[in-house]
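For reference, the structure is listed below as structure tokens.
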Amino acid sequence: MAFTNSGFPEIRAIFLAQFHPDQGPIVRMSVPEDAVDVGENAYTDTGATNRSSELRDTGAMGGIVSSNNNFAHEPEVVELIKRTTARGGPSLVDSSKIDFNSIQTLIIPKLTLFERLITVNTGRFKVMCYPVAIEGNYARNMFIFNMCFAFDISADTKCYGPVVKRVGSLLKELEVTGRLLSDVAGTRALLTMMRQLVNKLNDHGEYQIELDLKGLSQPMASTGISIKLFPYYENPATIEAFHVPVKLVDFDVARRKSAQTVYQQHASNDIMWDLVLDKVAEGIDNVNHVRRIARQAQVPEPTVVLALQHLDYYGCIALVDIFQFSNVYEAQARVKDVMRNGWLQRECHAYVTRDGQAGTVSLERLIQLYATVRQRRTVAEWIVDNCIDVERFDVRRFIVFGVLHGMLRRVHCFPVLCASVESAKKEPSRKGSNSGSGSGDEEPLKLEPRVVAMLDGTHHLDEICVAENKDAAVMRGLLDSYGGIEYVHL
């Protein structure tokens, strides 16, 4: 997968597809010129007529412009896969070009896909497009076009979604106001725009141009277009009270850099983040869980969660489970990554050893230790089995590093209350319901109803402990005393 100088996936080609009133779907122009293989157009005059009738029968004549209202229930992004191999034998299409004939029904789609972002995988390319149809004084009373962007098949094109949609919307507006696409006089301006889109976005990640619209029925002789690529971030993960935020960046450096970005000058020491972020950041020590951070900062827990989601969104923190020596972990297949990655080995060694003591544990020993972590053995038992010197070897950091890099997985303990025991606890004892003369029997331990409700197998022990503000050993002792509890490790 190729990347541009700005760090975004490289645009391989841009082409403008249209629905011709006589020929059907065609490629009007492309950059580079030979990027699309159109082959023999399968649409005849009859085929085009049938295609146009199909659009009219499905309601295209009155629903395209207002598709956001009529089709609000439809997805905004549609991902499709189209194979280019012919049924009768191997494909005759040049693999270095985009096979338009194999995807033309998806580039000029049916009504429900108009004005929606579409991704089509074909051959070696991934094509993103935003089909548009405009009702008006045209042949067949409708003008249909689609500006398509082509990338490598393995490219992560999420950051281009807003760009493709914006280009389609801008071209629609320019066509409505001045016939930029349907008028032959606009061909030169269109071709210039497409060439600069490829060059500017690939080189700089942004695009700005003044389109020359002379000769068109535009209210202005020129119009400006500005487009910029932005990194795509996944939505922040759901953060629970039992999660432990782990710093991935130096908050002091990040605070000063953000201030310099805002003020475009050297930030003074008194410039701070948002007050909540400052308080939350002070409580993040890679050990405290979310509820404890909220209590220490004296900030409502939902507000702390929002602040942590903000930090997680920008990659400033990661989330792990509460570390305890009674925890159980198991090694994953990615343990082999530390064997092949020299940088990962150095980072692991520097993070795990206390005070950077180089002679504490060798790299070979670290790899061996990760491989020995297995299910059904607690961390405490693992320390004894491998004779770990906890004075020089930071076990918590060792585990956290493995979890963050996918080399270890936490095995949670889910307490489940047996149904028969639960019903027996609810039924009053006949013997105890008599006059109540001293029988010498002690009353069984009672748990809060909210705790009993969490013993359904969907809440692990960490979640229950944080909810009740109790240590894992204490909570497990209470559950064992209550009786009828089975523990499932997943």
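By convention here, the chains of the structure tokens are called A, B, ... in the order presented, each chain's residues are numbered starting at 1, and ligands are numbered starting at 1 in the order presented.
Taking only range 238-411 of chain A, the residues that DSSP calls strand (DSSP E) from the backbone come to Val244, Pro245, Val246, Lys247, Ile317, Ala318, Leu319, Val320, Val328, Tyr329, Glu330, Ala331, Leu408, Arg409, Arg410 and Val411 of chain A.
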Generate the output file for the selected residues, N, CA and C atoms, as a PDB file, in the first residue's frame.
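again_23.pdb, written as the output of this step:
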```
ATOM      1  N   VAL A 244      -8.614   0.699  33.831  1.00  0.00           N
ATOM      2  CA  VAL A 244      -7.441   1.440  34.305  1.00  0.00           C
ATOM      3  C   VAL A 244      -6.806   2.145  33.112  1.00  0.00           C
ATOM      4  N   PRO A 245      -6.787   3.480  33.089  1.00  0.00           N
ATOM      5  CA  PRO A 245      -6.120   4.194  31.988  1.00  0.00           C
ATOM      6  C   PRO A 245      -4.603   4.169  32.159  1.00  0.00           C
ATOM      7  N   VAL A 246      -3.911   3.897  31.062  1.00  0.00           N
ATOM      8  CA  VAL A 246      -2.448   3.840  31.053  1.00  0.00           C
ATOM      9  C   VAL A 246      -1.939   4.930  30.112  1.00  0.00           C
ATOM     10  N   LYS A 247      -1.008   5.720  30.580  1.00  0.00           N
ATOM     11  CA  LYS A 247      -0.466   6.807  29.762  1.00  0.00           C
ATOM     12  C   LYS A 247       0.335   6.254  28.591  1.00  0.00           C
ATOM     13  N   ILE A 317      -4.024   7.685  25.886  1.00  0.00           N
ATOM     14  CA  ILE A 317      -4.104   6.635  26.902  1.00  0.00           C
ATOM     15  C   ILE A 317      -4.572   5.339  26.250  1.00  0.00           C
ATOM     16  N   ALA A 318      -4.362   4.254  26.972  1.00  0.00           N
ATOM     17  CA  ALA A 318      -4.937   2.954  26.625  1.00  0.00           C
ATOM     18  C   ALA A 318      -5.611   2.406  27.869  1.00  0.00           C
ATOM     19  N   LEU A 319      -6.500   1.460  27.697  1.00  0.00           N
ATOM     20  CA  LEU A 319      -7.283   0.924  28.804  1.00  0.00           C
ATOM     21  C   LEU A 319      -6.909  -0.528  29.061  1.00  0.00           C
ATOM     22  N   VAL A 320      -6.637  -0.845  30.318  1.00  0.00           N
ATOM     23  CA  VAL A 320      -6.341  -2.216  30.726  1.00  0.00           C
ATOM     24  C   VAL A 320      -7.198  -2.548  31.946  1.00  0.00           C
ATOM     25  N   VAL A 328      -5.450 -13.845  36.307  1.00  0.00           N
ATOM     26  CA  VAL A 328      -5.005 -14.944  35.451  1.00  0.00           C
ATOM     27  C   VAL A 328      -4.881 -14.400  34.027  1.00  0.00           C
ATOM     28  N   TYR A 329      -3.777 -14.703  33.369  1.00  0.00           N
ATOM     29  CA  TYR A 329      -3.534 -14.290  31.991  1.00  0.00           C
ATOM     30  C   TYR A 329      -3.106 -15.509  31.183  1.00  0.00           C
ATOM     31  N   GLU A 330      -3.175 -15.364  29.865  1.00  0.00           N
ATOM     32  CA  GLU A 330      -2.666 -16.413  28.983  1.00  0.00           C
ATOM     33  C   GLU A 330      -1.960 -15.772  27.794  1.00  0.00           C
ATOM     34  N   ALA A 331      -0.921 -16.431  27.321  1.00  0.00           N
ATOM     35  CA  ALA A 331      -0.127 -15.912  26.196  1.00  0.00           C
ATOM     36  C   ALA A 331      -0.911 -16.051  24.898  1.00  0.00           C
ATOM     37  N   LEU A 408      -0.520 -10.789  25.682  1.00  0.00           N
ATOM     38  CA  LEU A 408      -1.206 -11.443  26.786  1.00  0.00           C
ATOM     39  C   LEU A 408      -2.677 -11.069  26.754  1.00  0.00           C
ATOM     40  N   ARG A 409      -3.511 -11.955  27.268  1.00  0.00           N
ATOM     41  CA  ARG A 409      -4.948 -11.699  27.376  1.00  0.00           C
ATOM     42  C   ARG A 409      -5.413 -12.015  28.781  1.00  0.00           C
ATOM     43  N   ARG A 410      -6.192 -11.094  29.327  1.00  0.00           N
ATOM     44  CA  ARG A 410      -6.728 -11.308  30.674  1.00  0.00           C
ATOM     45  C   ARG A 410      -7.823 -12.360  30.622  1.00  0.00           C
ATOM     46  N   VAL A 411      -7.752 -13.304  31.539  1.00  0.00           N
ATOM     47  CA  VAL A 411      -8.791 -14.317  31.698  1.00  0.00           C
ATOM     48  C   VAL A 411      -9.645 -13.893  32.882  1.00  0.00           C
TER      49      VAL A 411
END
```
Near Arg476 in chain A, within 10 Å and counting only C-alpha atoms, which residues show up once chain neighbours fewer than 4 positions away are dropped, as a list in words? Pro415, Leu461, Cys465, Lys470, Asp471, Ala472, Asp480, Ser481, Tyr482 and Ile485 of chain A
Output file for the selection above: N, CA, C and O atoms, as a short mmCIF file (atom, residue, chain, number, x, y, z; two decimals), in the first residue's frame:
```cif
data_model
loop_
_atom_site.label_atom_id
_atom_site.label_comp_id
_atom_site.auth_asym_id
_atom_site.auth_seq_id
_atom_site.Cartn_x
_atom_site.Cartn_y
_atom_site.Cartn_z
N PRO A 415 -18.43 -14.95 38.37
CA PRO A 415 -19.18 -15.73 39.37
C PRO A 415 -20.63 -15.91 38.93
O PRO A 415 -21.29 -14.96 38.49
N LEU A 461 -15.58 -10.48 38.05
CA LEU A 461 -15.29 -10.16 39.45
C LEU A 461 -14.78 -8.73 39.61
O LEU A 461 -15.09 -8.06 40.61
N CYS A 465 -16.37 -6.04 42.21
CA CYS A 465 -15.53 -5.47 43.27
C CYS A 465 -15.55 -3.95 43.24
O CYS A 465 -15.67 -3.29 44.29
N LYS A 470 -14.88 -3.15 47.16
CA LYS A 470 -14.25 -4.17 47.98
C LYS A 470 -13.10 -4.81 47.22
O LYS A 470 -13.09 -4.86 45.98
N ASP A 471 -12.15 -5.31 47.96
CA ASP A 471 -11.02 -6.02 47.38
C ASP A 471 -11.49 -7.36 46.82
O ASP A 471 -12.48 -7.93 47.27
N ALA A 472 -10.74 -7.86 45.83
CA ALA A 472 -11.13 -9.11 45.19
C ALA A 472 -11.14 -10.27 46.17
O ALA A 472 -12.05 -11.12 46.15
N ASP A 480 -18.03 -16.97 48.57
CA ASP A 480 -17.87 -18.36 49.01
C ASP A 480 -18.71 -18.65 50.25
O ASP A 480 -19.27 -19.74 50.41
N SER A 481 -18.79 -17.65 51.15
CA SER A 481 -19.59 -17.84 52.36
C SER A 481 -21.08 -17.91 52.04
O SER A 481 -21.84 -18.60 52.73
N TYR A 482 -21.49 -17.18 51.03
CA TYR A 482 -22.90 -17.20 50.62
C TYR A 482 -23.29 -18.57 50.09
O TYR A 482 -24.40 -19.06 50.33
N ILE A 485 -22.02 -20.70 44.51
CA ILE A 485 -21.41 -19.88 43.48
C ILE A 485 -20.45 -20.73 42.66
O ILE A 485 -19.59 -21.44 43.20
#
```
I need the residues of range 145-314 of chain A that end up classed as alpha helix (DSSP H) by DSSP on the backbone, written out as a VMD selection string. chain A and resid 161 to 178 187 to 204 251 to 263 275 to 283 290 to 297 301 to 313
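Excluding range 31-39 of chain A itself and same-chain residues fewer than 4 positions from it, the residues having an atom within 9 Å of it are Arg12, Ala13, Ile14, Phe15, Ile26, Val27, Val93, Asp94, Ser96, Lys97, Ile98, Asp99, Phe100, Asn101, Leu191, Met194, Arg195 and Val198 of chain A, counting only C-alpha atoms.
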With only C-alpha atoms as the basis for distance, which of A:Ala371, A:Lys200, A:Pro449, A:Val164 is at the shortest distance from Lys336 in chain A?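 Closest candidate: A:Ala371.
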Go through A:Asp183, A:Glu210, A:Asp389, A:Glu240 one by one, measure the shortest atom-to-atom distance of each to Ile322 in chain A using only C-alpha atoms, and give the residue with the smallest value.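 Closest to Ile322 in chain A of all the choices is A:Glu240.
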Shell of 7 Å around Gly484 in chain A, only C-alpha atoms, local chain residues under 2 positions omitted, as a PDB file with N, CA and C atoms, in the first residue's frame:
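The result, stored in selection_36.pdb:
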```pdb
ATOM      1  N   LEU A 417     -24.370 -17.582  40.135  1.00  0.00           N
ATOM      2  CA  LEU A 417     -25.175 -18.166  41.205  1.00  0.00           C
ATOM      3  C   LEU A 417     -26.097 -19.228  40.615  1.00  0.00           C
ATOM      4  N   CYS A 418     -25.995 -20.434  41.147  1.00  0.00           N
ATOM      5  CA  CYS A 418     -26.828 -21.532  40.648  1.00  0.00           C
ATOM      6  C   CYS A 418     -28.299 -21.232  40.910  1.00  0.00           C
ATOM      7  N   VAL A 421     -29.876 -22.845  44.062  1.00  0.00           N
ATOM      8  CA  VAL A 421     -29.464 -22.216  45.316  1.00  0.00           C
ATOM      9  C   VAL A 421     -30.178 -20.894  45.503  1.00  0.00           C
ATOM     10  N   TYR A 482     -21.491 -17.182  51.031  1.00  0.00           N
ATOM     11  CA  TYR A 482     -22.902 -17.204  50.624  1.00  0.00           C
ATOM     12  C   TYR A 482     -23.290 -18.567  50.089  1.00  0.00           C
ATOM     13  N   GLU A 486     -20.602 -20.705  41.355  1.00  0.00           N
ATOM     14  CA  GLU A 486     -19.660 -21.338  40.439  1.00  0.00           C
ATOM     15  C   GLU A 486     -18.872 -20.252  39.718  1.00  0.00           C
TER      16      GLU A 486
END
```
Give me, as a PyMOL selection string, all polymer residues having an atom no more than 12 Å from Glu364 in chain A, counting only C-alpha atoms and skipping those fewer than 6 positions away in the same chain. chain A and resi 338-340+342+345-346+348-349+370-371
One decimal, in Å: what's the spacing between CA of Val249 in chain A and CA of Ile367 in chain A?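 Computing the Euclidean distance for CA of Val249 in chain A and CA of Ile367 in chain A yields 25.2 Å.
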Would you pick out the contacts of Ala467 in chain A at 9 Å or less, using only C-alpha atoms, so that residues sharing its chain but fewer than 2 positions from it are not included, and give the list as a PyMOL selection string? chain A and resi 241-242+291+451+462-465+469-470
In terms of the shortest atom-to-atom distance over only C-alpha atoms, which of A:Thr187, A:Thr353, A:Thr378, A:Ser226 is closest to Glu206 in chain A? A:Ser226
